[in-house]
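Okay, structure first, notes after.
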Amino acid sequence: MTKRPVVIDCDPGVDDTLALMLAASTPSLDIRAINPVAGNVGYASTSQNALRLRDLLGLDCRVGRGATQPLIAPPRDAGEIHGTGGLGGYHLPASTRDFDPDYAWDVLYQEAKRANGSLELVTLGPLTNVAIALLRYPELRQLIKKITCMGGTAHQGNTNVYAEFNIFIDPHACDIVFRSGIPIAMCGLDGNDSCMLTGEEMFRLFDQPSRVTPVTSHIAHFIHERNTGWGLPGSTIHDLVTMACFIAPEIAVYEPCYTTCETRSTLSFGQTVVDLYHVSGKPPNVDVLLRADKQVYYTMVNNMMAYFTTH
Ligand code: RIB
Ligand code: CA
């Protein structure tokens, strides 16, 4: 089987954790690196969580040293949404292995060169590492086959009225990445919501006995209680939906759109401005997720839990 080389850039993070599990349970992937970035919680936590999740998932990959703050915007996090330490209060054992000696942007470039143009990138957090890599290595534009990005929205935001968290934290990085010319699939809040899970579906999935169930059950109940507390009808596990769309592109329906990022407005700072109806006359640069097949997504996650009964 020809494996798909991939680097995963993330800010673990409760939903990042589930997304990494799905990737680790997919034999067709060749996970070259998990690159942490400051986002959901501070870099000290996201980076340690990346090391510990590498151990938990039995991965033999690099963990680069990522960006500790956004390029220009003031540092912010979502600790109130991801709990202390970023995993909903769950504490994984300290890792016995260390970070890669190189920075995340250097790791990304090295792996892109090694994959000779076949490397794909999945981003589950702010795009700071990727933007730095593009500024440091312009030739990276020809070396990354595709970016599948959890970020943005063509409709309402979750951080301000129009901005999604990952993009809001570092909109200048998003602007650099969206202008790069690299093929981009943007799995935003709205498209991901097609795969919203009810509480019953969440617990049916993540309470199943397996080696990782202590973590998945804790996270599922944490997410469900948080979201129902907000009055939401269910839970969209955004990074997990994005990873499923990367692994199985056939489940996703995309619309190629001209998409930019608002970096100046105080009212809509961090908004992904998606030309969904093609009125700008500008050529599409981003494939924007409209919806994904929830049934297949559910089956993929169910298969993930089954995988960890024997691995
Ligand atoms: O807005 C949702 C995104 O922000 C997810 O990636 C979540 O982990 C947070 O990083
Ligand atoms: Ca994330």
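Chain identifiers are assigned as A, B, and so on, following the order in which chains appear in the structure tokens; residues are numbered from 1 within each chain, and ligands are numbered from 1 in order of appearance.
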Exercise for the section: Could you give me the residues within stretch 93-282 of chain A that DSSP places in strand (DSSP E or B), as a ChimeraX atom specification? Expected result: /A:103,119-123,144-150,163,184-187,197,235,252-257,259-261,271-274
Atoms to include: C-alpha atoms. Write the selected residues as an mmCIF file, in the first residue's frame.
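Result file follows (again33.cif):
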data_model
loop_
_atom_site.group_PDB
_atom_site.id
_atom_site.type_symbol
_atom_site.label_atom_id
_atom_site.label_comp_id
_atom_site.auth_asym_id
_atom_site.auth_seq_id
_atom_site.Cartn_x
_atom_site.Cartn_y
_atom_site.Cartn_z
ATOM 1 C CA TYR A 103 11.557 24.065 14.779
ATOM 2 C CA LEU A 119 3.452 15.692 1.410
ATOM 3 C CA GLU A 120 0.034 16.782 2.658
ATOM 4 C CA LEU A 121 -0.584 19.015 5.642
ATOM 5 C CA VAL A 122 -3.525 18.945 8.042
ATOM 6 C CA THR A 123 -3.895 22.028 10.234
ATOM 7 C CA ILE A 144 3.095 20.803 -0.300
ATOM 8 C CA LYS A 145 0.518 18.836 -2.272
ATOM 9 C CA LYS A 146 -2.534 20.054 -0.305
ATOM 10 C CA ILE A 147 -3.506 21.679 2.987
ATOM 11 C CA THR A 148 -6.658 20.483 4.743
ATOM 12 C CA CYS A 149 -7.408 23.194 7.273
ATOM 13 C CA MET A 150 -9.821 23.241 10.184
ATOM 14 C CA ALA A 163 -14.480 34.720 13.076
ATOM 15 C CA ILE A 184 -6.400 24.322 0.312
ATOM 16 C CA ALA A 185 -9.501 22.555 1.628
ATOM 17 C CA MET A 186 -11.074 24.725 4.330
ATOM 18 C CA CYS A 187 -13.247 22.730 6.750
ATOM 19 C CA LEU A 197 -23.346 14.451 16.912
ATOM 20 C CA SER A 235 -21.513 18.637 19.309
ATOM 21 C CA ALA A 252 -16.879 15.953 1.574
ATOM 22 C CA VAL A 253 -18.624 18.399 -0.734
ATOM 23 C CA TYR A 254 -16.547 21.509 -1.430
ATOM 24 C CA GLU A 255 -17.176 24.758 -3.294
ATOM 25 C CA PRO A 256 -14.116 26.477 -4.806
ATOM 26 C CA CYS A 257 -14.303 30.083 -3.578
ATOM 27 C CA THR A 259 -11.446 33.466 0.193
ATOM 28 C CA THR A 260 -9.510 36.089 2.119
ATOM 29 C CA CYS A 261 -9.002 36.908 5.765
ATOM 30 C CA GLN A 271 -13.251 36.675 9.522
ATOM 31 C CA THR A 272 -12.714 34.398 6.534
ATOM 32 C CA VAL A 273 -14.395 36.375 3.788
ATOM 33 C CA VAL A 274 -15.737 33.606 1.553
#
Exercise for the section: Please identify the residues whose atoms come within 10 Å of ligand 2, using only C-alpha atoms and all ligand atoms, and report them as number ranges by chain. Expected result: A: 9-17, 19, 36-41, 46, 82, 123-126, 150-151, 165-166, 237-240
Exercise for the section: Compare A:Tyr307, A:Phe168, A:Phe206, A:Tyr137 by their minimum atom-to-atom distance to ligand 1, counting only C-alpha atoms and all ligand atoms, and give me the closest one. Expected result: A:Phe168
Exercise for the section: Would you kindly return, as a VMD selection string, each protein, DNA or RNA residue with an atom no farther than 10 Å from any atom of stretch 69-71 of chain A, considering only C-alpha atoms and excluding same-chain residues fewer than 6 positions away? Expected result: chain A and resid 37 to 39 42 to 43 77 126 to 129 131 to 132 169 to 173
Exercise for the section: Tell me which of A:Leu232, A:Leu22, A:Ile167, A:Met305 sits closest to A:Arg76, counting only C-alpha atoms. Expected result: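 Comparing A:Leu232, A:Leu22, A:Ile167, A:Met305 against A:Arg76, the winner is A:Ile167.
Atom pair atom CA of A:Gly89 / atom CA of A:Val212 has a distance of 15.7 Å (rounded to one decimal).
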Exercise for the section: Report as a ChimeraX atom specification: the residues of stretch 21-200 of chain A with a DSSP assignment of helix (DSSP H, G or I), based on the backbone of this structure. Expected result: /A:21-24,43-56,79-82,84-86,104-115,128-136,138-142,165-169,171-178,189-195,199-200
Exercise for the section: Have a look at A:Val279, A:Ala112, A:Val288, A:Leu135 and name the one nearest to A:Asn192; count only C-alpha atoms. Expected result: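 Result for the nearest residue to A:Asn192: A:Val288.
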Problem - Within 9 Å of A:Asp207 using only C-alpha atoms, minus same-chain residues under 3 positions, as a list of chain:residue names - result: A:Met202, A:Phe203, A:Arg204, A:Ser210, A:Thr213, A:Pro214, A:Thr216, A:Ser217, A:His218, A:Ala220
Using only all heavy atoms, please write the residues we just selected to a file, as a compact mmCIF listing (two decimals), in the first residue's frame.
# COMPACT_ATOMS: atom_id res chain seq x y z
N MET A 202 -22.52 10.51 20.65
CA MET A 202 -21.17 10.70 21.21
C MET A 202 -20.83 9.57 22.15
O MET A 202 -19.77 8.96 22.10
CB MET A 202 -21.14 12.04 21.97
CG MET A 202 -21.26 13.25 21.10
SD MET A 202 -19.69 14.02 20.78
CE MET A 202 -19.33 14.79 22.37
N PHE A 203 -21.77 9.28 23.10
CA PHE A 203 -21.45 8.29 24.12
C PHE A 203 -21.44 6.88 23.54
O PHE A 203 -20.64 6.03 23.96
CB PHE A 203 -22.43 8.41 25.29
CG PHE A 203 -22.49 9.80 25.88
CD1 PHE A 203 -23.67 10.32 26.38
CD2 PHE A 203 -21.36 10.62 25.88
CE1 PHE A 203 -23.72 11.60 26.90
CE2 PHE A 203 -21.41 11.91 26.39
CZ PHE A 203 -22.59 12.39 26.91
N ARG A 204 -22.28 6.66 22.53
CA ARG A 204 -22.26 5.34 21.86
C ARG A 204 -20.91 5.10 21.18
O ARG A 204 -20.40 3.99 21.14
CB ARG A 204 -23.40 5.26 20.83
CG ARG A 204 -23.64 3.86 20.29
CD ARG A 204 -24.92 3.65 19.50
NE ARG A 204 -25.81 4.76 19.34
CZ ARG A 204 -26.09 5.32 18.13
NH1 ARG A 204 -25.48 4.87 17.05
NH2 ARG A 204 -26.97 6.30 18.04
N SER A 210 -12.03 0.28 24.95
CA SER A 210 -10.82 0.15 24.14
C SER A 210 -9.67 0.68 24.99
O SER A 210 -9.90 1.21 26.08
CB SER A 210 -10.92 0.99 22.86
OG SER A 210 -10.62 2.36 23.15
N THR A 213 -10.25 4.44 25.63
CA THR A 213 -11.55 4.91 26.13
C THR A 213 -11.45 5.81 27.36
O THR A 213 -12.24 6.76 27.47
CB THR A 213 -12.46 3.70 26.41
OG1 THR A 213 -12.58 2.93 25.21
CG2 THR A 213 -13.86 4.15 26.85
N PRO A 214 -10.53 5.61 28.28
CA PRO A 214 -10.44 6.59 29.40
C PRO A 214 -10.30 8.03 28.90
O PRO A 214 -10.89 8.95 29.45
CB PRO A 214 -9.19 6.13 30.16
CG PRO A 214 -9.10 4.66 29.87
CD PRO A 214 -9.55 4.50 28.44
N THR A 216 -11.06 9.08 25.52
CA THR A 216 -12.18 9.47 24.63
C THR A 216 -13.45 9.72 25.41
O THR A 216 -14.19 10.66 25.13
CB THR A 216 -12.44 8.39 23.56
OG1 THR A 216 -12.80 7.16 24.21
CG2 THR A 216 -11.22 8.17 22.69
N SER A 217 -13.72 8.88 26.41
CA SER A 217 -14.95 9.05 27.20
C SER A 217 -14.89 10.35 27.99
O SER A 217 -15.86 11.12 28.03
CB SER A 217 -15.14 7.87 28.15
OG SER A 217 -16.32 8.03 28.91
N HIS A 218 -13.74 10.61 28.59
CA HIS A 218 -13.58 11.87 29.35
C HIS A 218 -13.83 13.07 28.43
O HIS A 218 -14.58 13.98 28.76
CB HIS A 218 -12.17 11.94 29.95
CG HIS A 218 -11.92 13.18 30.75
ND1 HIS A 218 -12.04 13.22 32.12
CD2 HIS A 218 -11.58 14.43 30.37
CE1 HIS A 218 -11.78 14.45 32.55
NE2 HIS A 218 -11.49 15.20 31.50
N ALA A 220 -15.38 13.19 25.49
CA ALA A 220 -16.75 13.24 24.95
C ALA A 220 -17.71 13.83 25.98
O ALA A 220 -18.54 14.69 25.66
CB ALA A 220 -17.20 11.85 24.53
Problem - Residue contacts of A:Ala244 (10 Å, only C-alpha atoms) excluding same-chain residues fewer than 3 positions away, as JSON, numbers by chain - result: {"A": [19, 22, 23, 238, 239, 240, 241, 247, 248, 249, 250, 251, 252, 292, 293, 296, 297, 298, 300, 301]}
Exercise for the section: Go ahead and compute the interatomic distance for atom CA of A:His311 and atom CA of A:Pro209, in Å to one decimal. Expected result: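 Computed distance, atom CA of A:His311 to atom CA of A:Pro209, equals 12.7 Å.
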